[in-house]
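Comments concern the structure below.
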Amino acid sequence: MSRSRAFAVGQILYALAAVAVVALAASVKTDGYVANILMQAATYAIAVFGLSIVLGLCGQINLAQAAFFALGAYAVGLGGADYHLPFWLCLLGGMALAAAAGAGLGVSTLRLGGHYLAMVTISFQQILTVVLINAIPVTHGPDGVSSIARPAGFQSGQAFLALVVAVLALSGYLVWRLADTRLGRAMRAVRDNELAAGAAGVDVFRTKLIAFALCALLGGLGGGLFAAGFSYISPDQFAFSDSIVLLTMALLGGVASPIGSAIGTILLILIPEWLRFLKSVPGLYLAIYGAAVILIVIFMPEGIWGFIRRLFASRAGAAPAAAEPFTLRPADSGASIALEVRGLTKHFGGLTAVDGVDFQVRRGGVHALIGPNGSGKTTTLNVVTGLYRASAGAIFVDGVEVTGLPPHKRNAFGLARTFQNIRLFRSMTALENVVIGAERDGNALVAAGPAALRLRAQAALDFVGLGARASETIPSFSYGHQRLIEFARALAANPTVLLLDEPAAGLNSGEKRMLHDLLDRIAAQGLTILIIDHDMTLIAGVAKHLTVLNFGKRIADGETADVLRQPDVVSAYLGVA
Ligand code: ADP
Ligand code: MG
């Protein structure tokens, strides 16, 4: 079945299931106890969808989802009960408030990452709890807010539950679809490999920030519906432990997909109910509950839904139809120098890894950067592509100074690279990896839409000889083939300059011949290349110009044949007198 057919069938099935569930919620009579459980599950699941964006797609931790939930709940509760504002206005206000709080937290910490983010979200959660309890004139304190009204048309518990289920279905749909949009791909790229994402043109900070704000927004939405659903809220419903419960729901079901989030939510709400008969033995119920959660997390690391998907995963999807021939059309300002580095210096503490290096890479040529291990080659490339900030010096791409720009902006000016230690987006398919490369700002193709991008990516994979395996994920490829996928990702971006860090390292002789052939085919299309490698046969075969580094300093520069005859190069690099 073709991808678009499968997708259309998936959409129709989802719509049918959603309509059926909403109809059930609207028509089947339940007693108050069951209705409460359903209301809680549905509103929590919406908040858990948020975690499936921030943690599942983007790989960032949020330990304050209950706080964002509370912002939505209190906006609806206080707005309706104290200020007599319309429900829908309060709900939207609560979502906006939550999203703004999420974005604010994100702005202050997302650059720091991991542990700081965890700490700051916990603090936010604790502070909000303290405020809810103590700002009694505004929040009613520990008494909570009661008699929260439901919107006109949904006054009965059953009608409101149907509404909540409809919102749940819609938000689940949007979260599901998000994964395959440019933003969703960017999030997954950030989750899999932040450095490579930046170098491939993804604005890492902005992507994380949006993920965080969307997560908080869904938290606010769930909380607003929760408040009206139960018509009573109090601070103890939105404590830190509830944030942990929400996170566990996401992890338990499978954080990578909204279906997993829904499964996890339902289970974590139902398991305690199922175990209720054990309540006569104090503590036993909690112990079994905890053990069940731990066992699921240990034996199903991708969650329940991830486990199920793995069971039914079809191997090797059909090879896509042969794409158009792959052509490189690098931007050309007409200047003869495509990349220039002036006085480039990089200190790491007391160590000067790169020391006042100058070189010019001519347009349409292959330029090699060589030198012994530790001579500063990779550091030069990292400073040129923006992974490190230059301590001094300037970098120009096609005449434009890029020295202070973040990696994704330099990528937009036409720098694309591969890494010495391969950096691919490992949970994604080869094709998705290459689509992210093609999807950079400044590539005219982006405007042509997703189908054109996929064709371009497929053509790039065909070009490196891996077109037939486009739909496999990265771990199924050999080391040499992963290198080629990195090449395809960089080439699909249609870069002005391609930077290669030791592409031949770790390849066997057959793979090296293929690499040589590939480099010849790339160079034949007029692409400018800066290559680092130790394989002198390869370098002498492809590079017209050489720059030689030793201890961070440039010791030679010029035509390959001339440079290789210089005695100091021979002694520094080849270690012979
Ligand atoms: P090459 O690629 O030529 O083998 P590198 O550029 O990787 O060399 O390293 C040059 C020097 O800079 C080495 O002494 C290395 O230890 C040091 N270096 C590289 N990256 C870092 C870093 N992130 N922090 C500290 N020192 C570094
Ligand atoms: Mg290196």
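Letters A, B, ... mark the chains of the structure tokens in the order given; residue numbers begin at 1 per chain; ligand numbers begin at 1, in order shown.
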Near-ligand residues for ligand 1, threshold 12 Å, only C-alpha atoms and all ligand atoms, as a PyMOL selection string | chain A and resi 345-355+369-384+387-389+419-421+500-502+505+531-534+548-554+573
Write out as a PyMOL selection string all residues of region 479-539 of chain A that DSSP puts in helix (DSSP H, G or I) for this structure's backbone.
-> chain A and resi 479-492+509-524+536-539
Within 12 Å of Ala438 (chain A), counting only C-alpha atoms, which residues show up once you throw out same-chain ones fewer than 4 positions away? Write them as a PyMOL selection string, please.
-> chain A and resi 182+185+200-202+328+411-412+414+416+431-434+442-461+486-495
Contacts of Gly94 (chain A) at 8 Å or less, counting only C-alpha atoms, minus same-chain residues fewer than 2 places along, as a VMD selection string?
-> chain A and resid 71 to 76 90 to 92 96 to 98 220 to 221 224
Go ahead and write the selection's residues with N, CA, C and O atoms as a PDB file, in the first residue's frame.
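This went into out25.pdb:
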```pdb
ATOM      1  N   LEU A  71      -3.310  26.039  35.989  1.00  0.00           N
ATOM      2  CA  LEU A  71      -3.557  27.378  35.433  1.00  0.00           C
ATOM      3  C   LEU A  71      -4.842  27.378  34.619  1.00  0.00           C
ATOM      4  O   LEU A  71      -5.672  28.290  34.730  1.00  0.00           O
ATOM      5  N   GLY A  72      -5.028  26.335  33.797  1.00  0.00           N
ATOM      6  CA  GLY A  72      -6.266  26.234  33.021  1.00  0.00           C
ATOM      7  C   GLY A  72      -7.468  26.067  33.934  1.00  0.00           C
ATOM      8  O   GLY A  72      -8.519  26.708  33.749  1.00  0.00           O
ATOM      9  N   ALA A  73      -7.315  25.198  34.945  1.00  0.00           N
ATOM     10  CA  ALA A  73      -8.433  24.911  35.837  1.00  0.00           C
ATOM     11  C   ALA A  73      -8.847  26.167  36.616  1.00  0.00           C
ATOM     12  O   ALA A  73     -10.040  26.481  36.737  1.00  0.00           O
ATOM     13  N   TYR A  74      -7.883  26.892  37.152  1.00  0.00           N
ATOM     14  CA  TYR A  74      -8.206  28.089  37.934  1.00  0.00           C
ATOM     15  C   TYR A  74      -8.733  29.209  37.047  1.00  0.00           C
ATOM     16  O   TYR A  74      -9.572  30.005  37.493  1.00  0.00           O
ATOM     17  N   ALA A  75      -8.253  29.291  35.796  1.00  0.00           N
ATOM     18  CA  ALA A  75      -8.791  30.314  34.895  1.00  0.00           C
ATOM     19  C   ALA A  75     -10.278  30.076  34.683  1.00  0.00           C
ATOM     20  O   ALA A  75     -11.096  31.003  34.757  1.00  0.00           O
ATOM     21  N   VAL A  76     -10.635  28.815  34.440  1.00  0.00           N
ATOM     22  CA  VAL A  76     -12.054  28.495  34.230  1.00  0.00           C
ATOM     23  C   VAL A  76     -12.826  28.636  35.542  1.00  0.00           C
ATOM     24  O   VAL A  76     -13.923  29.216  35.586  1.00  0.00           O
ATOM     25  N   CYS A  90     -12.833  32.004  29.331  1.00  0.00           N
ATOM     26  CA  CYS A  90     -11.963  31.566  30.428  1.00  0.00           C
ATOM     27  C   CYS A  90     -11.051  30.425  29.971  1.00  0.00           C
ATOM     28  O   CYS A  90      -9.866  30.391  30.305  1.00  0.00           O
ATOM     29  N   LEU A  91     -11.632  29.505  29.200  1.00  0.00           N
ATOM     30  CA  LEU A  91     -10.843  28.355  28.749  1.00  0.00           C
ATOM     31  C   LEU A  91      -9.689  28.827  27.859  1.00  0.00           C
ATOM     32  O   LEU A  91      -8.538  28.436  28.051  1.00  0.00           O
ATOM     33  N   LEU A  92     -10.017  29.704  26.900  1.00  0.00           N
ATOM     34  CA  LEU A  92      -8.966  30.222  26.018  1.00  0.00           C
ATOM     35  C   LEU A  92      -7.929  31.009  26.811  1.00  0.00           C
ATOM     36  O   LEU A  92      -6.722  30.876  26.586  1.00  0.00           O
ATOM     37  N   ALA A  96      -3.983  30.247  27.104  1.00  0.00           N
ATOM     38  CA  ALA A  96      -2.981  31.266  26.761  1.00  0.00           C
ATOM     39  C   ALA A  96      -2.040  31.490  27.942  1.00  0.00           C
ATOM     40  O   ALA A  96      -0.815  31.583  27.772  1.00  0.00           O
ATOM     41  N   LEU A  97      -2.634  31.544  29.134  1.00  0.00           N
ATOM     42  CA  LEU A  97      -1.828  31.747  30.344  1.00  0.00           C
ATOM     43  C   LEU A  97      -0.822  30.610  30.523  1.00  0.00           C
ATOM     44  O   LEU A  97       0.373  30.831  30.785  1.00  0.00           O
ATOM     45  N   ALA A  98      -1.311  29.383  30.351  1.00  0.00           N
ATOM     46  CA  ALA A  98      -0.432  28.224  30.501  1.00  0.00           C
ATOM     47  C   ALA A  98       0.673  28.258  29.454  1.00  0.00           C
ATOM     48  O   ALA A  98       1.854  28.039  29.767  1.00  0.00           O
ATOM     49  N   GLY A 220      -3.145  23.354  29.989  1.00  0.00           N
ATOM     50  CA  GLY A 220      -4.173  24.336  30.331  1.00  0.00           C
ATOM     51  C   GLY A 220      -5.542  23.929  29.807  1.00  0.00           C
ATOM     52  O   GLY A 220      -6.561  24.081  30.506  1.00  0.00           O
ATOM     53  N   LEU A 221      -5.568  23.379  28.601  1.00  0.00           N
ATOM     54  CA  LEU A 221      -6.837  22.936  28.010  1.00  0.00           C
ATOM     55  C   LEU A 221      -7.448  21.807  28.853  1.00  0.00           C
ATOM     56  O   LEU A 221      -8.634  21.854  29.221  1.00  0.00           O
ATOM     57  N   GLY A 224      -8.708  23.236  32.215  1.00  0.00           N
ATOM     58  CA  GLY A 224      -9.935  24.025  32.086  1.00  0.00           C
ATOM     59  C   GLY A 224     -11.157  23.122  31.981  1.00  0.00           C
ATOM     60  O   GLY A 224     -12.190  23.359  32.626  1.00  0.00           O
TER      61      GLY A 224
END
```
For each of A:Tyr479, A:Ala470, A:Val245, A:Leu530, take the minimum atom-to-atom distance to Glu340 (chain A), counting only C-alpha atoms, then give the residue where this is smallest.
-> A:Leu530
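Between Thr43 (chain A) and the residues A:Gly356, A:Val165, A:Phe425, A:Met300, the shortest atom-to-atom distance, using only C-alpha atoms, involves A:Val165.
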